Structures are given as structure tokens and as C-alpha cells.
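Everything below belongs to final.cif, which stores mmCIF, C-alpha atoms.
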data_run
#
loop_
_atom_site.group_PDB
_atom_site.id
_atom_site.type_symbol
_atom_site.label_atom_id
_atom_site.label_comp_id
_atom_site.auth_asym_id
_atom_site.auth_seq_id
_atom_site.Cartn_x
_atom_site.Cartn_y
_atom_site.Cartn_z
ATOM 1 C CA MET A 1 111.235 160.853 108.422
ATOM 2 C CA THR A 2 113.388 162.495 105.744
ATOM 3 C CA THR A 3 111.814 163.908 102.591
ATOM 4 C CA THR A 4 112.417 161.804 99.502
ATOM 5 C CA PRO A 5 112.022 162.533 95.809
ATOM 6 C CA PHE A 6 109.485 159.684 95.558
ATOM 7 C CA SER A 7 105.697 159.733 95.710
ATOM 8 C CA PRO A 8 103.949 160.275 99.072
ATOM 9 C CA ARG A 9 102.675 157.094 100.742
ATOM 10 C CA GLY A 10 98.912 157.490 100.260
ATOM 11 C CA THR A 11 96.224 155.111 101.489
ATOM 12 C CA GLU A 12 96.668 151.365 101.913
ATOM 13 C CA ALA A 13 94.747 150.756 98.668
ATOM 14 C CA GLU A 14 96.921 153.246 96.790
ATOM 15 C CA ILE A 15 100.096 151.687 98.176
ATOM 16 C CA GLU A 16 99.048 148.124 97.378
ATOM 17 C CA GLU A 17 97.118 148.474 94.132
ATOM 18 C CA GLY A 18 97.903 151.973 92.884
ATOM 19 C CA THR A 19 100.444 152.850 90.210
ATOM 20 C CA ALA A 20 102.601 155.344 92.127
ATOM 21 C CA PHE A 21 106.027 154.274 93.363
ATOM 22 C CA ALA A 22 105.937 155.283 97.043
ATOM 23 C CA PRO A 23 108.709 153.386 98.837
ATOM 24 C CA LYS A 24 108.697 153.421 102.635
ATOM 25 C CA PHE A 25 111.928 154.242 104.412
ATOM 26 C CA ASP A 26 112.323 153.211 108.055
ATOM 27 C CA ALA A 27 113.202 155.436 111.020
ATOM 28 C CA ASP A 28 116.845 155.400 109.868
ATOM 29 C CA GLY A 29 115.803 156.406 106.342
ATOM 30 C CA LEU A 30 116.520 152.956 104.907
ATOM 31 C CA ILE A 31 114.670 150.337 102.863
ATOM 32 C CA PRO A 32 115.727 146.656 102.637
ATOM 33 C CA VAL A 33 116.852 145.250 99.283
ATOM 34 C CA VAL A 34 117.131 141.651 98.071
ATOM 35 C CA ALA A 35 119.425 141.142 95.070
ATOM 36 C CA THR A 36 119.031 138.060 92.890
ATOM 37 C CA ASP A 37 121.037 136.814 89.914
ATOM 38 C CA ALA A 38 119.041 137.801 86.816
ATOM 39 C CA LYS A 39 119.947 134.554 85.043
ATOM 40 C CA SER A 40 119.755 131.875 87.741
ATOM 41 C CA GLY A 41 117.323 133.602 90.103
ATOM 42 C CA GLU A 42 119.636 132.753 93.024
ATOM 43 C CA VAL A 43 119.415 135.136 95.978
ATOM 44 C CA LEU A 44 122.828 136.793 96.124
ATOM 45 C CA MET A 45 122.681 139.269 98.973
ATOM 46 C CA PHE A 46 120.564 141.339 101.309
ATOM 47 C CA ALA A 47 121.390 145.006 101.857
ATOM 48 C CA TRP A 48 119.934 148.458 102.449
ATOM 49 C CA MET A 49 119.350 151.621 100.433
ATOM 50 C CA ASN A 50 118.609 155.147 101.514
ATOM 51 C CA ALA A 51 116.634 157.472 99.225
ATOM 52 C CA GLU A 52 119.811 158.706 97.537
ATOM 53 C CA ALA A 53 121.067 155.172 96.821
ATOM 54 C CA LEU A 54 117.672 154.231 95.385
ATOM 55 C CA GLU A 55 117.580 157.363 93.255
ATOM 56 C CA LYS A 56 121.086 156.652 91.910
ATOM 57 C CA THR A 57 120.191 153.018 91.253
ATOM 58 C CA ILE A 58 117.100 153.997 89.270
ATOM 59 C CA SER A 59 118.779 156.751 87.265
ATOM 60 C CA THR A 60 122.044 154.905 86.484
ATOM 61 C CA GLY A 61 120.959 151.247 86.418
ATOM 62 C CA ASP A 62 123.912 150.374 88.668
ATOM 63 C CA ALA A 63 123.245 149.044 92.170
ATOM 64 C CA TRP A 64 123.976 151.600 94.887
ATOM 65 C CA TYR A 65 123.560 150.713 98.556
ATOM 66 C CA TRP A 66 123.873 152.346 101.952
ATOM 67 C CA SER A 67 126.483 150.764 104.198
ATOM 68 C CA ARG A 68 125.204 150.854 107.772
ATOM 69 C CA SER A 69 128.611 149.915 109.206
ATOM 70 C CA ARG A 70 130.547 152.493 107.186
ATOM 71 C CA LYS A 71 127.675 154.993 107.140
ATOM 72 C CA ALA A 72 128.382 155.705 103.495
ATOM 73 C CA LEU A 73 126.821 155.470 100.075
ATOM 74 C CA TRP A 74 128.394 152.657 98.150
ATOM 75 C CA ARG A 75 128.315 151.634 94.501
ATOM 76 C CA LYS A 76 128.460 147.831 94.543
ATOM 77 C CA GLY A 77 131.686 146.628 92.957
ATOM 78 C CA GLU A 78 133.477 149.966 93.290
ATOM 79 C CA THR A 79 136.469 148.274 94.926
ATOM 80 C CA SER A 80 135.763 144.554 94.393
ATOM 81 C CA GLY A 81 134.798 144.761 90.718
ATOM 82 C CA GLN A 82 131.658 142.763 91.595
ATOM 83 C CA THR A 83 129.360 145.359 90.052
ATOM 84 C CA GLN A 84 125.613 144.828 89.720
ATOM 85 C CA LYS A 85 123.787 145.969 86.592
ATOM 86 C CA VAL A 86 120.108 146.179 87.480
ATOM 87 C CA VAL A 87 117.970 144.285 84.990
ATOM 88 C CA GLU A 88 114.733 144.676 86.900
ATOM 89 C CA LEU A 89 113.608 146.467 90.057
ATOM 90 C CA ARG A 90 110.480 145.419 91.904
ATOM 91 C CA ILE A 91 108.741 146.510 95.076
ATOM 92 C CA ASP A 92 106.501 144.493 97.367
ATOM 93 C CA CYS A 93 102.830 144.888 98.294
ATOM 94 C CA ASP A 94 103.237 147.413 101.100
ATOM 95 C CA GLN A 95 106.175 149.065 99.318
ATOM 96 C CA ASP A 96 108.662 148.618 102.146
ATOM 97 C CA ALA A 97 111.061 146.132 100.505
ATOM 98 C CA LEU A 98 112.814 146.047 97.121
ATOM 99 C CA LEU A 99 113.811 143.159 94.874
ATOM 100 C CA MET A 100 116.512 143.639 92.240
ATOM 101 C CA LYS A 101 117.446 141.221 89.488
ATOM 102 C CA VAL A 102 121.067 141.949 88.642
ATOM 103 C CA GLU A 103 123.839 140.977 86.245
ATOM 104 C CA VAL A 104 127.009 140.575 88.276
ATOM 105 C CA GLY A 105 130.323 141.899 86.926
ATOM 106 C CA GLY A 106 133.902 140.938 87.861
ATOM 107 C CA ASP A 107 134.291 137.322 88.968
ATOM 108 C CA GLY A 108 130.528 136.876 89.292
ATOM 109 C CA GLY A 109 130.467 136.959 93.080
ATOM 110 C CA ALA A 110 128.434 139.134 95.397
ATOM 111 C CA CYS A 111 129.803 138.295 98.845
ATOM 112 C CA HIS A 112 132.839 139.939 100.419
ATOM 113 C CA VAL A 113 133.762 136.650 102.135
ATOM 114 C CA GLY A 114 134.418 135.095 98.725
ATOM 115 C CA TYR A 115 131.223 133.231 97.937
ATOM 116 C CA ARG A 116 128.971 133.816 94.959
ATOM 117 C CA SER A 117 126.013 134.325 97.293
ATOM 118 C CA CYS A 118 126.133 135.665 100.854
ATOM 119 C CA PHE A 119 123.765 132.850 101.859
ATOM 120 C CA TYR A 120 126.414 130.102 101.821
ATOM 121 C CA ARG A 121 125.419 128.324 105.044
ATOM 122 C CA SER A 122 122.492 126.061 105.855
ATOM 123 C CA VAL A 123 120.897 125.998 109.282
ATOM 124 C CA PRO A 124 119.739 122.547 110.473
ATOM 125 C CA LEU A 125 115.973 122.204 110.856
ATOM 126 C CA GLY A 126 113.856 120.100 113.192
ATOM 127 C CA LYS A 127 116.099 120.537 116.209
ATOM 128 C CA SER A 128 114.482 120.884 119.581
ATOM 129 C CA ALA A 129 114.213 124.395 120.823
ATOM 130 C CA ALA A 130 116.149 124.815 124.054
ATOM 131 C CA PRO A 131 119.049 125.193 124.424
ATOM 132 C CA LEU A 132 119.679 126.074 120.799
ATOM 133 C CA ALA A 133 123.373 125.946 120.057
ATOM 134 C CA LEU A 134 122.959 125.176 116.398
ATOM 135 C CA HIS A 135 125.851 124.539 114.074
ATOM 136 C CA PHE A 136 125.820 124.709 110.327
ATOM 137 C CA GLU A 137 125.522 121.443 108.456
ATOM 138 C CA ALA A 138 128.188 122.467 106.009
ATOM 139 C CA LYS A 139 130.494 125.392 106.579
ATOM 140 C CA LYS A 140 130.995 125.769 102.870
ATOM 141 C CA LEU A 141 128.261 124.683 100.517
ATOM 142 C CA PRO A 142 129.564 122.975 97.381
ATOM 143 C CA GLY A 143 129.989 125.212 94.376
ATOM 144 C CA HIS A 144 129.654 128.379 96.349
ATOM 145 C CA LYS A 145 133.213 129.343 97.109
ATOM 146 C CA HIS A 146 135.237 130.857 94.343
ATOM 147 C CA GLY A 147 138.533 132.713 93.975
ATOM 148 C CA MET B 1 119.220 143.584 123.130
ATOM 149 C CA THR B 2 117.102 140.645 124.263
ATOM 150 C CA THR B 3 118.689 137.320 125.156
ATOM 151 C CA THR B 4 118.128 134.601 122.594
ATOM 152 C CA PRO B 5 118.573 130.824 122.717
ATOM 153 C CA PHE B 6 121.126 131.062 119.890
ATOM 154 C CA SER B 7 124.903 131.236 119.971
ATOM 155 C CA PRO B 8 126.621 134.464 121.054
ATOM 156 C CA ARG B 9 127.872 136.619 118.191
ATOM 157 C CA GLY B 10 131.661 136.103 118.496
ATOM 158 C CA THR B 11 134.353 137.713 116.368
ATOM 159 C CA GLU B 12 133.909 138.733 112.751
ATOM 160 C CA ALA B 13 135.856 135.650 111.615
ATOM 161 C CA GLU B 14 133.685 133.379 113.769
ATOM 162 C CA ILE B 15 130.515 134.983 112.434
ATOM 163 C CA GLU B 16 131.568 134.773 108.794
ATOM 164 C CA GLU B 17 133.517 131.516 108.621
ATOM 165 C CA GLY B 18 132.723 129.723 111.870
ATOM 166 C CA THR B 19 130.204 126.934 112.313
ATOM 167 C CA ALA B 20 128.024 128.409 115.059
ATOM 168 C CA PHE B 21 124.595 129.792 114.208
ATOM 169 C CA ALA B 22 124.678 133.252 115.784
ATOM 170 C CA PRO B 23 121.895 135.333 114.204
ATOM 171 C CA LYS B 24 121.897 139.063 114.844
ATOM 172 C CA PHE B 25 118.648 140.684 115.937
ATOM 173 C CA ASP B 26 118.256 144.443 115.499
ATOM 174 C CA ALA B 27 117.368 147.004 118.170
ATOM 175 C CA ASP B 28 113.730 145.868 117.950
ATOM 176 C CA GLY B 29 114.771 142.222 118.366
ATOM 177 C CA LEU B 30 114.065 141.378 114.717
ATOM 178 C CA ILE B 31 115.934 139.781 111.810
ATOM 179 C CA PRO B 32 114.886 140.163 108.152
ATOM 180 C CA VAL B 33 113.768 137.077 106.212
ATOM 181 C CA VAL B 34 113.509 136.465 102.461
ATOM 182 C CA ALA B 35 111.223 133.577 101.460
ATOM 183 C CA THR B 36 111.633 131.933 98.059
ATOM 184 C CA ASP B 37 109.635 129.196 96.345
ATOM 185 C CA ALA B 38 111.627 125.984 96.824
ATOM 186 C CA LYS B 39 110.739 124.756 93.334
ATOM 187 C CA SER B 40 110.944 127.852 91.130
ATOM 188 C CA GLY B 41 113.357 129.915 93.222
ATOM 189 C CA GLU B 42 111.045 132.920 92.859
ATOM 190 C CA VAL B 43 111.248 135.444 95.685
ATOM 191 C CA LEU B 44 107.823 135.313 97.336
ATOM 192 C CA MET B 45 107.960 137.728 100.235
ATOM 193 C CA PHE B 46 110.057 139.701 102.662
ATOM 194 C CA ALA B 47 109.228 139.646 106.372
ATOM 195 C CA TRP B 48 110.676 139.667 109.901
ATOM 196 C CA MET B 49 111.256 137.173 112.681
ATOM 197 C CA ASN B 50 111.988 137.671 116.341
ATOM 198 C CA ALA B 51 113.949 135.030 118.269
ATOM 199 C CA GLU B 52 110.781 133.155 119.203
ATOM 200 C CA ALA B 53 109.544 133.019 115.597
ATOM 201 C CA LEU B 54 112.947 131.769 114.454
ATOM 202 C CA GLU B 55 113.037 129.143 117.189
ATOM 203 C CA LYS B 56 109.540 127.934 116.262
ATOM 204 C CA THR B 57 110.435 127.880 112.565
ATOM 205 C CA ILE B 58 113.527 125.776 113.218
ATOM 206 C CA SER B 59 111.855 123.345 115.592
ATOM 207 C CA THR B 60 108.600 122.871 113.657
ATOM 208 C CA GLY B 61 109.690 123.386 110.031
ATOM 209 C CA ASP B 62 106.727 125.755 109.522
ATOM 210 C CA ALA B 63 107.381 129.421 108.783
ATOM 211 C CA TRP B 64 106.634 131.686 111.744
ATOM 212 C CA TYR B 65 107.045 135.447 111.467
ATOM 213 C CA TRP B 66 106.731 138.527 113.629
ATOM 214 C CA SER B 67 104.111 140.990 112.414
ATOM 215 C CA ARG B 68 105.377 144.502 113.098
ATOM 216 C CA SER B 69 101.975 146.068 112.388
ATOM 217 C CA ARG B 70 100.033 143.639 114.592
ATOM 218 C CA LYS B 71 102.900 143.199 117.087
ATOM 219 C CA ALA B 72 102.215 139.495 117.175
ATOM 220 C CA LEU B 73 103.782 136.167 116.389
ATOM 221 C CA TRP B 74 102.220 134.714 113.284
ATOM 222 C CA ARG B 75 102.303 131.286 111.684
ATOM 223 C CA LYS B 76 102.182 131.960 107.954
ATOM 224 C CA GLY B 77 98.954 130.575 106.490
ATOM 225 C CA GLU B 78 97.154 130.360 109.836
ATOM 226 C CA THR B 79 94.171 132.255 108.424
ATOM 227 C CA SER B 80 94.887 132.328 104.666
ATOM 228 C CA GLY B 81 95.862 128.675 104.288
ATOM 229 C CA GLN B 82 99.008 129.857 102.459
ATOM 230 C CA THR B 83 101.297 127.925 104.773
ATOM 231 C CA GLN B 84 105.043 127.697 104.220
ATOM 232 C CA LYS B 85 106.874 124.428 104.840
ATOM 233 C CA VAL B 86 110.551 125.274 105.198
ATOM 234 C CA VAL B 87 112.709 123.125 102.935
ATOM 235 C CA GLU B 88 115.934 124.961 103.635
ATOM 236 C CA LEU B 89 117.031 127.783 105.919
ATOM 237 C CA ARG B 90 120.164 129.784 105.195
ATOM 238 C CA ILE B 91 121.881 132.743 106.798
ATOM 239 C CA ASP B 92 124.123 135.334 105.193
ATOM 240 C CA CYS B 93 127.788 136.182 105.747
ATOM 241 C CA ASP B 94 127.362 138.537 108.701
ATOM 242 C CA GLN B 95 124.425 136.512 110.023
ATOM 243 C CA ASP B 96 121.944 139.364 110.031
ATOM 244 C CA ALA B 97 119.560 138.150 107.301
ATOM 245 C CA LEU B 98 117.810 134.825 106.656
ATOM 246 C CA LEU B 99 116.821 133.079 103.439
ATOM 247 C CA MET B 100 114.125 130.387 103.471
ATOM 248 C CA LYS B 101 113.208 128.065 100.645
ATOM 249 C CA VAL B 102 109.587 127.102 101.199
ATOM 250 C CA GLU B 103 106.831 124.896 99.851
ATOM 251 C CA VAL B 104 103.663 126.948 99.767
ATOM 252 C CA GLY B 105 100.359 125.392 100.851
ATOM 253 C CA GLY B 106 96.803 126.471 100.056
ATOM 254 C CA ASP B 107 96.384 128.138 96.673
ATOM 255 C CA GLY B 108 100.150 128.539 96.278
ATOM 256 C CA GLY B 109 100.211 132.258 96.974
ATOM 257 C CA ALA B 110 102.227 134.217 99.508
ATOM 258 C CA CYS B 111 100.842 137.744 99.244
ATOM 259 C CA HIS B 112 97.801 139.014 101.112
ATOM 260 C CA VAL B 113 96.886 141.232 98.141
ATOM 261 C CA GLY B 114 96.238 138.117 96.060
ATOM 262 C CA TYR B 115 99.439 137.630 94.088
ATOM 263 C CA ARG B 116 101.722 134.619 94.188
ATOM 264 C CA SER B 117 104.652 136.860 95.080
ATOM 265 C CA CYS B 118 104.519 140.153 96.983
ATOM 266 C CA PHE B 119 106.883 141.613 94.378
ATOM 267 C CA TYR B 120 104.242 142.001 91.658
ATOM 268 C CA ARG B 121 105.216 145.464 90.422
ATOM 269 C CA SER B 122 108.159 146.653 88.326
ATOM 270 C CA VAL B 123 109.740 150.052 88.842
ATOM 271 C CA PRO B 124 110.916 151.781 85.633
ATOM 272 C CA LEU B 125 114.683 152.235 85.361
ATOM 273 C CA GLY B 126 116.802 154.887 83.669
ATOM 274 C CA LYS B 127 114.535 157.774 84.593
ATOM 275 C CA SER B 128 116.148 161.055 85.503
ATOM 276 C CA ALA B 129 116.349 161.669 89.176
ATOM 277 C CA ALA B 130 114.423 164.789 90.110
ATOM 278 C CA PRO B 131 111.529 165.070 90.492
ATOM 279 C CA LEU B 132 110.909 161.351 90.784
ATOM 280 C CA ALA B 133 107.216 160.680 90.499
ATOM 281 C CA LEU B 134 107.652 157.197 89.138
ATOM 282 C CA HIS B 135 104.772 155.010 88.127
ATOM 283 C CA PHE B 136 104.824 151.273 87.698
ATOM 284 C CA GLU B 137 105.155 149.974 84.175
ATOM 285 C CA ALA B 138 102.499 147.359 84.791
ATOM 286 C CA LYS B 139 100.178 147.439 87.763
ATOM 287 C CA LYS B 140 99.700 143.713 87.498
ATOM 288 C CA LEU B 141 102.458 141.574 86.083
ATOM 289 C CA PRO B 142 101.174 138.744 83.869
ATOM 290 C CA GLY B 143 100.719 135.428 85.593
ATOM 291 C CA HIS B 144 101.002 136.835 89.046
ATOM 292 C CA LYS B 145 97.438 137.406 90.111
ATOM 293 C CA HIS B 146 95.460 134.405 91.190
ATOM 294 C CA GLY B 147 92.200 133.680 92.947
#
File written out as C-alpha cells:
Amino acid sequence: MTTTPFSPRGTEAEIEEGTAFAPKFDADGLIPVVATDAKSGEVLMFAWMNAEALEKTISTGDAWYWSRSRKALWRKGETSGQTQKVVELRIDCDQDALLMKVEVGGDGGACHVGYRSCFYRSVPLGKSAAPLALHFEAKKLPGHKHG
Amino acid sequence: MTTTPFSPRGTEAEIEEGTAFAPKFDADGLIPVVATDAKSGEVLMFAWMNAEALEKTISTGDAWYWSRSRKALWRKGETSGQTQKVVELRIDCDQDALLMKVEVGGDGGACHVGYRSCFYRSVPLGKSAAPLALHFEAKKLPGHKHG
């Protein structure tokens, strides 16, 4: 576990009901982050932060992530223009997941494939279990593709 | 990597723009899941599923998760009564994160600490980076505690 500039983890009661921000990073030094649109509440994307990305996000108010594929720190929108201004940052009960409400810059999208939200496909429910070769009900959900 | 009853991963184009449901499980056989309230859109909780939990969720329409601390499959609400009926299941662009819109049973909560949402604490923004001993602005956000 790498050292972080944040508070130590403490007891379960401290983590859940205390006032100290003590985020848990996993074995790879990462914490999961859910970003939602501050206006609509829509879930835009799911990504990861390391301690440095979280520190930069808190101090600058811009969303910084850790790219696991590129193994690099990454300010959202740096190349795409789809920046994320953090309106609110929350953490969950056991302090191992973050929620960010963001204002999206550029064309308003968050997904590199070209959709506003990364969650542009619905999985059919109620199908029997085996063999599961499920196909999406709609490849492109209406109103989600832009540009 | 364990074998799953779902489609094989395929090329990047197939994963992102194809029609086959090919969820990616991590080295521990897990995929992250964000659950939102189907009515309000509020993010309720963040959790994990293994292939079996996902299969059960899809076939039954009830939310099943994998508890990493208890190392056990877990039907949400089994003991708390805070069941989750899945209204919609979505997957993101690279098919390594799930989003579920759920109808919550019981007292309408999702968090074991007693809040409607697990994300009941706000982290202050704009603070200088080092040393970061951040404290929550409000321990309990208004309207979030119940019961």
C-alpha cells in the first residue's frame, strides 16, 4: 500500500461515521470513481483515480483520472475538450468509492466512443441463464450519440 | 481468468460498437456495479459482481452482488429487506463496468449505515494539496438519514 496525503483509515466506526476523509486505495493504489452530470444526474462514466489524481482533483476542481491502459495520469478533456468541472465530490460509507457531480465542457460528452454517457447500451433482463449469449436490445440508445 | 457464460471479449470495435454482451471481469473475477434509484436517478451504492451474481441478476431481475469482505454471493436485501428490483441494466463502452437502475424495497434505503445512499458525505474542494487532512463538510447530509 502506497502512502497517501489523506487521513489514515481508522476503525470501522471512524470510517463510516467519522468526519475524516480516509479514502481506501486498492492493491494497485486505485479507487473507483463514478461521474454524474451535475444538472441531469445521469451517470456519465466510471473510471479510476490514484492518490495523485484525487489530490489534483480536490485542489484544482478539475477531474483527473488514472488511465490503467496507458498507465498515466490524465486530466479529463485534455485532448477531447470534454473537461469535467467538479461541482461536488462524495465518498461512500466504507470510503472505497467516489462519486463526482461534474459540469461537462466541450460538446457535453464524456465517452470516447462518441456518446454523452459511456453507458449507452442496455442488457436484456429475464433471459434464462445458460448458455448466455446475450445481445444488446439497442446498439445505440436514442439521444445518446452525438457528433 | 475464470470462464463465464457470457460472450468472449472480441476486438475493441466489437466490444465498443458490437451487439454482443461481453463483460470484462478483473483478475479477481469481479466487475464493478453502480446502482441508481430508477425514479430519482440518485446514485445509491457501488458494489461488485462476479459472473454468477451477474447471471443471477439477469435471469431473476433481482440484484445479486459479490461481497469481497464476506467472500460470498449476496442477494441485496436478503437480511435488510432493502431489495433491489432491476429496472434496467447497462454496460459501459469498454464493457468493464455496469450500471443498474433499481427499485428499492423495504424502507427505501441502500446503505447498511442507515442512509438512503451510501454517498452521504461531501468532500471539500479547492483545498491545497499537502498535507491533506480533509474533513467532511457535513457528517450527515440533510434528508439522507432514515430509520
(message) For the provided coordinates, the residues matched by the PyMOL selection byres ((chain A) within 6 of (chain B)) should be stated as a PyMOL selection string.
(response) chain A and resi 5-7+19-21+58-60+89-93+118-119+121-123+125-129+131-136+139
Both chains have the same sequence, so match all Cα atoms in order, fit chain B onto chain A by least squares, and return it as a CSV table (one decimal) with C-alpha atoms, in the frame of the given file.
chain,number,residue,atom,x,y,z
B,1,MET,CA,111.3,160.9,108.4
B,2,THR,CA,113.4,162.5,105.7
B,3,THR,CA,111.9,163.9,102.6
B,4,THR,CA,112.4,161.8,99.5
B,5,PRO,CA,112.0,162.5,95.8
B,6,PHE,CA,109.5,159.7,95.5
B,7,SER,CA,105.7,159.7,95.7
B,8,PRO,CA,104.0,160.3,99.1
B,9,ARG,CA,102.7,157.1,100.7
B,10,GLY,CA,98.9,157.5,100.3
B,11,THR,CA,96.2,155.1,101.5
B,12,GLU,CA,96.7,151.4,101.9
B,13,ALA,CA,94.8,150.7,98.7
B,14,GLU,CA,96.9,153.2,96.8
B,15,ILE,CA,100.1,151.7,98.2
B,16,GLU,CA,99.1,148.1,97.4
B,17,GLU,CA,97.1,148.5,94.1
B,18,GLY,CA,97.9,152.0,92.9
B,19,THR,CA,100.4,152.9,90.2
B,20,ALA,CA,102.6,155.3,92.1
B,21,PHE,CA,106.0,154.3,93.4
B,22,ALA,CA,105.9,155.3,97.0
B,23,PRO,CA,108.7,153.4,98.8
B,24,LYS,CA,108.7,153.4,102.6
B,25,PHE,CA,111.9,154.2,104.4
B,26,ASP,CA,112.3,153.2,108.0
B,27,ALA,CA,113.2,155.4,111.0
B,28,ASP,CA,116.8,155.4,109.9
B,29,GLY,CA,115.8,156.4,106.3
B,30,LEU,CA,116.5,152.9,104.9
B,31,ILE,CA,114.7,150.3,102.9
B,32,PRO,CA,115.7,146.7,102.6
B,33,VAL,CA,116.9,145.2,99.3
B,34,VAL,CA,117.1,141.6,98.1
B,35,ALA,CA,119.4,141.1,95.1
B,36,THR,CA,119.0,138.0,92.9
B,37,ASP,CA,121.0,136.8,89.9
B,38,ALA,CA,119.1,137.8,86.8
B,39,LYS,CA,120.0,134.5,85.1
B,40,SER,CA,119.8,131.9,87.8
B,41,GLY,CA,117.3,133.6,90.1
B,42,GLU,CA,119.6,132.8,93.0
B,43,VAL,CA,119.4,135.1,96.0
B,44,LEU,CA,122.8,136.8,96.1
B,45,MET,CA,122.7,139.3,99.0
B,46,PHE,CA,120.6,141.3,101.3
B,47,ALA,CA,121.4,145.0,101.9
B,48,TRP,CA,119.9,148.5,102.5
B,49,MET,CA,119.3,151.6,100.4
B,50,ASN,CA,118.6,155.2,101.5
B,51,ALA,CA,116.6,157.5,99.2
B,52,GLU,CA,119.8,158.7,97.5
B,53,ALA,CA,121.1,155.2,96.8
B,54,LEU,CA,117.7,154.2,95.4
B,55,GLU,CA,117.6,157.4,93.2
B,56,LYS,CA,121.1,156.7,91.9
B,57,THR,CA,120.2,153.0,91.3
B,58,ILE,CA,117.1,154.0,89.3
B,59,SER,CA,118.8,156.7,87.3
B,60,THR,CA,122.0,154.9,86.5
B,61,GLY,CA,121.0,151.2,86.4
B,62,ASP,CA,123.9,150.4,88.7
B,63,ALA,CA,123.3,149.0,92.2
B,64,TRP,CA,124.0,151.6,94.9
B,65,TYR,CA,123.6,150.7,98.6
B,66,TRP,CA,123.9,152.4,101.9
B,67,SER,CA,126.5,150.8,104.2
B,68,ARG,CA,125.2,150.9,107.8
B,69,SER,CA,128.6,149.9,109.2
B,70,ARG,CA,130.5,152.5,107.2
B,71,LYS,CA,127.7,155.0,107.1
B,72,ALA,CA,128.4,155.7,103.5
B,73,LEU,CA,126.8,155.5,100.1
B,74,TRP,CA,128.4,152.6,98.1
B,75,ARG,CA,128.3,151.6,94.5
B,76,LYS,CA,128.4,147.8,94.6
B,77,GLY,CA,131.7,146.6,93.0
B,78,GLU,CA,133.5,150.0,93.3
B,79,THR,CA,136.5,148.3,95.0
B,80,SER,CA,135.8,144.5,94.4
B,81,GLY,CA,134.8,144.8,90.8
B,82,GLN,CA,131.6,142.8,91.6
B,83,THR,CA,129.4,145.3,90.1
B,84,GLN,CA,125.6,144.8,89.7
B,85,LYS,CA,123.8,146.0,86.6
B,86,VAL,CA,120.1,146.2,87.5
B,87,VAL,CA,118.0,144.3,85.0
B,88,GLU,CA,114.7,144.7,86.9
B,89,LEU,CA,113.6,146.5,90.1
B,90,ARG,CA,110.5,145.4,91.9
B,91,ILE,CA,108.8,146.5,95.1
B,92,ASP,CA,106.5,144.5,97.4
B,93,CYS,CA,102.8,144.9,98.3
B,94,ASP,CA,103.2,147.4,101.1
B,95,GLN,CA,106.2,149.1,99.3
B,96,ASP,CA,108.7,148.6,102.1
B,97,ALA,CA,111.1,146.1,100.5
B,98,LEU,CA,112.8,146.0,97.1
B,99,LEU,CA,113.8,143.1,94.9
B,100,MET,CA,116.5,143.6,92.2
B,101,LYS,CA,117.5,141.2,89.5
B,102,VAL,CA,121.1,141.9,88.6
B,103,GLU,CA,123.9,141.0,86.3
B,104,VAL,CA,127.0,140.6,88.3
B,105,GLY,CA,130.3,141.9,86.9
B,106,GLY,CA,133.9,140.9,87.9
B,107,ASP,CA,134.3,137.3,89.0
B,108,GLY,CA,130.5,136.9,89.3
B,109,GLY,CA,130.5,137.0,93.1
B,110,ALA,CA,128.4,139.1,95.4
B,111,CYS,CA,129.8,138.3,98.9
B,112,HIS,CA,132.8,139.9,100.4
B,113,VAL,CA,133.8,136.7,102.1
B,114,GLY,CA,134.4,135.1,98.7
B,115,TYR,CA,131.2,133.2,97.9
B,116,ARG,CA,128.9,133.8,95.0
B,117,SER,CA,126.0,134.3,97.3
B,118,CYS,CA,126.1,135.7,100.9
B,119,PHE,CA,123.8,132.9,101.9
B,120,TYR,CA,126.4,130.1,101.8
B,121,ARG,CA,125.4,128.3,105.0
B,122,SER,CA,122.5,126.1,105.9
B,123,VAL,CA,120.9,126.0,109.3
B,124,PRO,CA,119.7,122.6,110.5
B,125,LEU,CA,116.0,122.2,110.9
B,126,GLY,CA,113.8,120.1,113.2
B,127,LYS,CA,116.1,120.6,116.2
B,128,SER,CA,114.5,120.9,119.6
B,129,ALA,CA,114.3,124.4,120.8
B,130,ALA,CA,116.2,124.9,124.0
B,131,PRO,CA,119.1,125.2,124.4
B,132,LEU,CA,119.7,126.1,120.8
B,133,ALA,CA,123.4,125.9,120.1
B,134,LEU,CA,123.0,125.2,116.4
B,135,HIS,CA,125.9,124.5,114.1
B,136,PHE,CA,125.8,124.7,110.3
B,137,GLU,CA,125.5,121.4,108.5
B,138,ALA,CA,128.2,122.5,106.0
B,139,LYS,CA,130.5,125.4,106.6
B,140,LYS,CA,131.0,125.7,102.9
B,141,LEU,CA,128.2,124.7,100.5
B,142,PRO,CA,129.5,123.0,97.4
B,143,GLY,CA,130.0,125.2,94.4
B,144,HIS,CA,129.7,128.4,96.3
B,145,LYS,CA,133.2,129.4,97.1
B,146,HIS,CA,135.2,130.9,94.3
B,147,GLY,CA,138.5,132.8,93.9
(message) For a quick check of understanding, using all atoms listed in the file, which of B:Lys101, B:Glu14, B:Ser67, B:Leu73 has the smallest distance to Ala53 (chain B)?
(response) B:Leu73
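The closest residue to Val102 (chain A), picked from A:Ala63, A:Gly81, A:Trp48, A:Arg9 and counting all atoms listed in the file, is A:Ala63.
Between CA of Ile31 (chain A) and CA of Glu78 (chain A) there is a distance of 21.1 Å.
Counting only C-alpha atoms, the residue from A:Gln82, A:Gly10, A:Lys24, A:Tyr65 that sits nearest to Glu103 (chain A) is A:Gln82.
Distance annotation: of B:Ala51, B:Ala27, B:Ala72, B:Ala38, the residue with the minimal separation from Gln84 (chain B) is B:Ala38; atom set is all atoms listed in the file.
One distance worth recording is that between CA of Gly109 (chain A) and CA of Gly77 (chain A), which is 9.7 Å.
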(request) State, in Å with one decimal place, the distance from CA of Ala110 (chain A) to CA of Lys76 (chain A). (result) 8.7 Å
